[in-house]
Amino acid sequence: MTIDKKVILQKATEHDSFYLYDQKGIISAAHELKDNFLGVEFLYSVKANPHHLVTKTIFDSGIGADAASLWEVLHSRDQGVPPEKIHFSSPGKSINDIQTALDCSTLVADSLGELERINNVAKDRGQKARVGVRINPDFTFFGQWGDPSKFGIDQELFLRRLDLLAELENIEVIGIHVHVRSQELRQAVIERYYENMLNLATELQNKLGRPLEFINFGSGIGIPYDKEDIPLDIPSLGAAMSKLIADFRDKLPQAVFYIETGRFLVGKNGVYVTKVMDKKESYDKTFVLLHNTLNGFVRPSLAQMVLSYTEDLHPNSYEPLFTGAKPFEIIPLVEEKDLEQVTLAGNLCTAVDVIAKDIMLPILNVGDALLLTNAGSYAAVISPMQFAHLPTPPELFLTTEGQVV
Ligand SMILES: *Cc1c(COP(=O)(O)O)cnc(C)c1O
């Protein structure tokens, strides 16, 4: 995090709770990927954080869009992303989605039924739609088998139904998309996945009998949330990927290689700030009550909820709602050095609204500000801000020039 504490404290005099996104950090994360993954194009998963200045910054760095809804397609188009760099991939697209997105994005069909529906829309217009297909492959991040999934078309089924494709005269399959897992921090696992993907693409291309024009590898690149997490070595992973695609270049001569990421670009480049509104003792416990926690930044409360069901210190993740036991750091913005044990709760009328239990923090008083890290991705967008109609925390954006807008 490169945000200056003075900027945060200044904004905390104006707002009781708010997000602050850091443009400098976002740009540098974009460069880190682009500079290390030679021969690879990136797509930003807009759902991670669709704030218009966040997406503008990312698109201006030459990254395209991974859109999960028609809104995200149109948002990316309006910010100047060309159709071939907007991949619209989501399970379940309505006819209206298909009609509206057909000309301004690359549709990635998620089922055989959807391939037929796209074909019908294209036929009505006398067009030939150039589409991708999302494949549910016969490998995962854990081994060489497939898992049942609501996403995509099973590899085996797709190959078995190539006859259907031949009948759909108004579509042309020009690419494939796979995404099976997020938040992976083991380089060897990601490398094996990339290699599996290249083998899959080669096999499908041969069976389709035409060169694939794109291969979308989906996501997987993780970020450290907990202090114990070891970050990926991006230069090393990028070099491995660049070597792999060089090795497959002869087999896949026309393919553009895309990697998607949401969290890597924004996850660590956003903070959530909240202020103490009350403090009380109850049966020997000290409660510090904060503005807008569950309803402003839901992930910390969700983590507490998951932990309350298990003794396991590392429960399985359930992205993007639950990543791990300590998905953020709490940084009190106070001079105070003396510590006390407190439970941090929010002002919402539900007992679930607790973000930390019995932790040692510098003594906090009403009006003091506290910062939560890792609030750039899957944060504002997934928080139930309408709950109880408490004030909505603004999403602020710190520009490279140091202005907050
Ligand atoms: C959400 C999503 C991503 C982004 O995942 P991150 O872990 O944030 O990088 C990428 N691809 C698809 C298809 C997704 O649904």
# chains A, B, ... in the order shown; residues from 1 in each chain; ligands from 1
>>> closest_atom_pairs(of="region 161-230 of chain A", to="region 237-259 of chain A", cutoff="12 Å", atoms="only C-alpha atoms", output="Markdown table")
| residue | atom | partner | partner_atom | distance |
| --- | --- | --- | --- | --- |
| A:Ile174 | CA | A:Ala255 | CA | 9.2 |
| A:Gly175 | CA | A:Ala255 | CA | 8.1 |
| A:Ile176 | CA | A:Phe257 | CA | 10.2 |
| A:His177 | CA | A:Tyr258 | CA | 9.0 |
| A:Val178 | CA | A:Ile259 | CA | 10.0 |
| A:His179 | CA | A:Ile259 | CA | 9.7 |
| A:Leu185 | CA | A:Leu237 | CA | 10.7 |
| A:Arg186 | CA | A:Leu237 | CA | 9.9 |
| A:Gln187 | CA | A:Leu237 | CA | 6.4 |
| A:Ala188 | CA | A:Leu237 | CA | 8.7 |
| A:Val189 | CA | A:Leu237 | CA | 10.6 |
| A:Ile190 | CA | A:Leu237 | CA | 8.3 |
| A:Glu191 | CA | A:Met241 | CA | 7.0 |
| A:Arg192 | CA | A:Met241 | CA | 10.0 |
| A:Tyr193 | CA | A:Met241 | CA | 10.4 |
| A:Tyr194 | CA | A:Met241 | CA | 7.2 |
| A:Glu195 | CA | A:Leu244 | CA | 7.0 |
| A:Asn196 | CA | A:Leu244 | CA | 10.6 |
| A:Met197 | CA | A:Ile245 | CA | 10.5 |
| A:Leu198 | CA | A:Phe248 | CA | 7.1 |
| A:Asn199 | CA | A:Phe248 | CA | 8.7 |
| A:Leu200 | CA | A:Leu252 | CA | 11.1 |
| A:Ala201 | CA | A:Leu252 | CA | 8.0 |
| A:Thr202 | CA | A:Lys251 | CA | 6.6 |
| A:Glu203 | CA | A:Lys251 | CA | 9.9 |
| A:Leu204 | CA | A:Leu252 | CA | 10.8 |
| A:Gln205 | CA | A:Leu252 | CA | 8.2 |
| A:Asn206 | CA | A:Lys251 | CA | 9.6 |
| A:Arg210 | CA | A:Gln254 | CA | 10.0 |
| A:Pro211 | CA | A:Gln254 | CA | 6.3 |
| A:Leu212 | CA | A:Ala255 | CA | 5.6 |
| A:Glu213 | CA | A:Ala255 | CA | 4.2 |
| A:Phe214 | CA | A:Val256 | CA | 4.5 |
| A:Ile215 | CA | A:Phe257 | CA | 5.1 |
| A:Asn216 | CA | A:Tyr258 | CA | 4.6 |
| A:Phe217 | CA | A:Ile259 | CA | 5.1 |
| A:Gly218 | CA | A:Ile259 | CA | 5.4 |
| A:Ser219 | CA | A:Ile259 | CA | 6.2 |
| A:Gly220 | CA | A:Ile259 | CA | 9.0 |
| A:Ile221 | CA | A:Ile259 | CA | 9.2 |
| A:Gly222 | CA | A:Leu237 | CA | 11.8 |
>>> write_last_selection(atoms="N, CA and C atoms", output="CSV table (one decimal), in the first residue's frame")
chain,number,residue,atom,x,y,z
A,174,ILE,N,-13.9,-19.3,-32.5
A,174,ILE,CA,-12.6,-18.9,-32.7
A,174,ILE,C,-11.7,-18.9,-31.5
A,175,GLY,N,-12.2,-19.3,-30.4
A,175,GLY,CA,-11.4,-19.3,-29.2
A,175,GLY,C,-12.0,-20.1,-28.1
A,176,ILE,N,-11.2,-20.4,-27.0
A,176,ILE,CA,-11.7,-21.1,-25.9
A,176,ILE,C,-11.3,-20.3,-24.6
A,177,HIS,N,-12.1,-20.5,-23.6
A,177,HIS,CA,-11.9,-19.9,-22.3
A,177,HIS,C,-12.1,-21.0,-21.2
A,178,VAL,N,-11.2,-20.9,-20.2
A,178,VAL,CA,-11.3,-21.8,-19.1
A,178,VAL,C,-11.0,-20.9,-17.8
A,179,HIS,N,-11.7,-21.2,-16.8
A,179,HIS,CA,-11.4,-20.5,-15.5
A,179,HIS,C,-11.9,-21.5,-14.4
A,185,LEU,N,-1.4,-19.4,-4.9
A,185,LEU,CA,-0.1,-18.8,-4.6
A,185,LEU,C,1.0,-19.7,-4.9
A,186,ARG,N,0.7,-20.9,-5.4
A,186,ARG,CA,1.8,-21.9,-5.6
A,186,ARG,C,2.2,-21.8,-7.1
A,187,GLN,N,3.4,-21.4,-7.4
A,187,GLN,CA,3.8,-21.2,-8.8
A,187,GLN,C,3.7,-22.5,-9.6
A,188,ALA,N,4.2,-23.6,-9.0
A,188,ALA,CA,4.2,-24.9,-9.7
A,188,ALA,C,2.8,-25.3,-10.2
A,189,VAL,N,1.8,-25.0,-9.3
A,189,VAL,CA,0.5,-25.4,-9.6
A,189,VAL,C,-0.1,-24.6,-10.8
A,190,ILE,N,0.2,-23.3,-10.8
A,190,ILE,CA,-0.2,-22.4,-11.9
A,190,ILE,C,0.5,-22.8,-13.2
A,191,GLU,N,1.8,-23.1,-13.1
A,191,GLU,CA,2.5,-23.5,-14.3
A,191,GLU,C,1.9,-24.8,-14.9
A,192,ARG,N,1.6,-25.8,-14.1
A,192,ARG,CA,1.1,-27.0,-14.6
A,192,ARG,C,-0.3,-26.7,-15.3
A,193,TYR,N,-1.1,-25.8,-14.7
A,193,TYR,CA,-2.3,-25.5,-15.2
A,193,TYR,C,-2.2,-24.8,-16.6
A,194,TYR,N,-1.2,-23.9,-16.7
A,194,TYR,CA,-1.0,-23.3,-18.1
A,194,TYR,C,-0.6,-24.3,-19.1
A,195,GLU,N,0.2,-25.3,-18.7
A,195,GLU,CA,0.7,-26.3,-19.6
A,195,GLU,C,-0.5,-27.2,-20.0
A,196,ASN,N,-1.4,-27.6,-19.1
A,196,ASN,CA,-2.6,-28.3,-19.4
A,196,ASN,C,-3.4,-27.5,-20.4
A,197,MET,N,-3.5,-26.2,-20.2
A,197,MET,CA,-4.4,-25.4,-21.0
A,197,MET,C,-3.8,-25.4,-22.5
A,198,LEU,N,-2.5,-25.4,-22.6
A,198,LEU,CA,-2.0,-25.3,-24.0
A,198,LEU,C,-2.2,-26.7,-24.7
A,199,ASN,N,-2.1,-27.8,-23.9
A,199,ASN,CA,-2.4,-29.1,-24.5
A,199,ASN,C,-3.8,-29.2,-24.9
A,200,LEU,N,-4.7,-28.7,-24.0
A,200,LEU,CA,-6.1,-28.7,-24.3
A,200,LEU,C,-6.4,-27.9,-25.6
A,201,ALA,N,-5.9,-26.7,-25.7
A,201,ALA,CA,-6.1,-25.8,-26.8
A,201,ALA,C,-5.6,-26.5,-28.1
A,202,THR,N,-4.5,-27.2,-28.0
A,202,THR,CA,-4.0,-27.9,-29.2
A,202,THR,C,-4.9,-29.0,-29.7
A,203,GLU,N,-5.4,-29.8,-28.7
A,203,GLU,CA,-6.3,-30.9,-29.0
A,203,GLU,C,-7.6,-30.3,-29.6
A,204,LEU,N,-8.2,-29.3,-29.0
A,204,LEU,CA,-9.4,-28.8,-29.5
A,204,LEU,C,-9.3,-28.2,-30.9
A,205,GLN,N,-8.2,-27.5,-31.1
A,205,GLN,CA,-7.9,-26.9,-32.4
A,205,GLN,C,-7.9,-28.0,-33.5
A,206,ASN,N,-7.2,-29.1,-33.1
A,206,ASN,CA,-7.1,-30.2,-34.1
A,206,ASN,C,-8.5,-30.8,-34.4
A,210,ARG,N,-9.7,-25.9,-37.3
A,210,ARG,CA,-9.3,-24.5,-37.7
A,210,ARG,C,-8.5,-23.9,-36.6
A,211,PRO,N,-7.6,-23.0,-37.0
A,211,PRO,CA,-6.7,-22.4,-36.0
A,211,PRO,C,-7.5,-21.6,-35.0
A,212,LEU,N,-7.1,-21.8,-33.7
A,212,LEU,CA,-7.8,-21.0,-32.7
A,212,LEU,C,-7.2,-19.6,-32.7
A,213,GLU,N,-8.0,-18.6,-32.6
A,213,GLU,CA,-7.5,-17.2,-32.6
A,213,GLU,C,-7.3,-16.7,-31.2
A,214,PHE,N,-8.0,-17.3,-30.2
A,214,PHE,CA,-7.6,-16.9,-28.8
A,214,PHE,C,-7.7,-18.0,-27.9
A,215,ILE,N,-6.9,-18.0,-26.8
A,215,ILE,CA,-7.0,-18.9,-25.7
A,215,ILE,C,-7.0,-18.1,-24.5
A,216,ASN,N,-8.1,-18.2,-23.7
A,216,ASN,CA,-8.2,-17.4,-22.5
A,216,ASN,C,-8.0,-18.3,-21.3
A,217,PHE,N,-6.9,-18.1,-20.6
A,217,PHE,CA,-6.5,-19.0,-19.5
A,217,PHE,C,-7.2,-18.7,-18.2
A,218,GLY,N,-8.1,-17.7,-18.2
A,218,GLY,CA,-8.8,-17.4,-17.0
A,218,GLY,C,-7.8,-16.9,-15.9
A,219,SER,N,-8.2,-17.1,-14.7
A,219,SER,CA,-7.4,-16.5,-13.6
A,219,SER,C,-6.7,-17.5,-12.8
A,220,GLY,N,-6.2,-17.1,-11.6
A,220,GLY,CA,-5.5,-18.1,-10.8
A,220,GLY,C,-4.5,-17.3,-10.0
A,221,ILE,N,-4.0,-16.2,-10.5
A,221,ILE,CA,-2.9,-15.5,-9.9
A,221,ILE,C,-3.4,-14.9,-8.6
A,222,GLY,N,-2.8,-15.4,-7.5
A,222,GLY,CA,-3.3,-14.9,-6.2
A,222,GLY,C,-2.4,-13.8,-5.6
>>> residues_around(residues="Asp358 (chain A)", least_positions_apart="4", cutoff="10 Å", atoms="only C-alpha atoms", output="number ranges by chain")
A: 285-287, 340-344
>>> atom_distance(atom1="CA of Leu43 (chain A)", atom2="CA of Leu70 (chain A)")
16.1 Å
>>> closest_residue(among="A:Ser236, A:Ser383, A:Thr400, A:Thr310", to="Asn36 (chain A)", atoms="only C-alpha atoms")
A:Ser236
>>> select_by_dssp(residues="region 82-290 of chain A", states="alpha helix (DSSP H)", output="PyMOL selection string")
chain A and resi 95-101+112-124+155-160+162-167+187-208+234-248+263-266
>>> residues_around(residues="Val366 (chain A)", least_positions_apart="4", cutoff="9 Å", atoms="only C-alpha atoms", output="list in words")
Lys275, Val276, Met277, Asp278, Lys279, Val288 and Leu289 of chain A
>>> write_last_selection(atoms="N, CA, C and O atoms", output="PDB file, in the first residue's frame")
ATOM      1  N   LYS A 275     -14.499   4.689  11.374  1.00  0.00           N
ATOM      2  CA  LYS A 275     -14.208   5.415  12.607  1.00  0.00           C
ATOM      3  C   LYS A 275     -14.982   4.855  13.803  1.00  0.00           C
ATOM      4  O   LYS A 275     -16.050   4.261  13.641  1.00  0.00           O
ATOM      5  N   VAL A 276     -14.407   5.058  14.980  1.00  0.00           N
ATOM      6  CA  VAL A 276     -15.040   4.582  16.215  1.00  0.00           C
ATOM      7  C   VAL A 276     -16.227   5.481  16.524  1.00  0.00           C
ATOM      8  O   VAL A 276     -16.096   6.704  16.570  1.00  0.00           O
ATOM      9  N   MET A 277     -17.410   4.882  16.725  1.00  0.00           N
ATOM     10  CA  MET A 277     -18.573   5.701  17.089  1.00  0.00           C
ATOM     11  C   MET A 277     -19.030   5.490  18.525  1.00  0.00           C
ATOM     12  O   MET A 277     -19.696   6.346  19.092  1.00  0.00           O
ATOM     13  N   ASP A 278     -18.610   4.388  19.129  1.00  0.00           N
ATOM     14  CA  ASP A 278     -18.981   4.161  20.530  1.00  0.00           C
ATOM     15  C   ASP A 278     -18.040   3.105  21.106  1.00  0.00           C
ATOM     16  O   ASP A 278     -17.325   2.424  20.359  1.00  0.00           O
ATOM     17  N   LYS A 279     -18.078   3.023  22.433  1.00  0.00           N
ATOM     18  CA  LYS A 279     -17.208   2.065  23.109  1.00  0.00           C
ATOM     19  C   LYS A 279     -17.918   1.657  24.374  1.00  0.00           C
ATOM     20  O   LYS A 279     -18.523   2.506  25.040  1.00  0.00           O
ATOM     21  N   VAL A 288     -15.610  -2.101  20.794  1.00  0.00           N
ATOM     22  CA  VAL A 288     -15.427  -0.850  20.061  1.00  0.00           C
ATOM     23  C   VAL A 288     -16.392  -0.900  18.876  1.00  0.00           C
ATOM     24  O   VAL A 288     -16.351  -1.842  18.078  1.00  0.00           O
ATOM     25  N   LEU A 289     -17.266   0.087  18.812  1.00  0.00           N
ATOM     26  CA  LEU A 289     -18.289   0.081  17.751  1.00  0.00           C
ATOM     27  C   LEU A 289     -17.880   1.009  16.616  1.00  0.00           C
ATOM     28  O   LEU A 289     -17.571   2.185  16.836  1.00  0.00           O
TER      29      LEU A 289
END
>>> closest_residue(among="A:Asp103, A:Glu395, A:Asp284, A:Asp97", to="Pro83 (chain A)", atoms="only C-alpha atoms")
A:Asp103
>>> residues_around(residues="Pro393 (chain A)", least_positions_apart="4", cutoff="7 Å", atoms="only C-alpha atoms", output="list of chain:residue names")
A:Ser17, A:Phe18, A:Tyr19, A:Gly296
>>> write_last_selection(atoms="N, CA, C and O atoms", output="tab-separated table (two decimals), in the first residue's frame")
chain	number	residue	atom	x	y	z
A	17	SER	N	-16.88	6.65	7.20
A	17	SER	CA	-16.33	5.42	6.64
A	17	SER	C	-16.21	5.64	5.14
A	17	SER	O	-17.02	6.35	4.55
A	18	PHE	N	-15.18	5.07	4.53
A	18	PHE	CA	-15.01	5.24	3.08
A	18	PHE	C	-13.97	4.26	2.53
A	18	PHE	O	-13.16	3.71	3.28
A	19	TYR	N	-14.06	4.03	1.23
A	19	TYR	CA	-13.02	3.29	0.51
A	19	TYR	C	-12.06	4.30	-0.10
A	19	TYR	O	-12.47	5.40	-0.49
A	296	GLY	N	-20.64	-2.17	5.06
A	296	GLY	CA	-19.76	-1.34	4.22
A	296	GLY	C	-18.70	-2.18	3.54
A	296	GLY	O	-18.42	-2.04	2.36
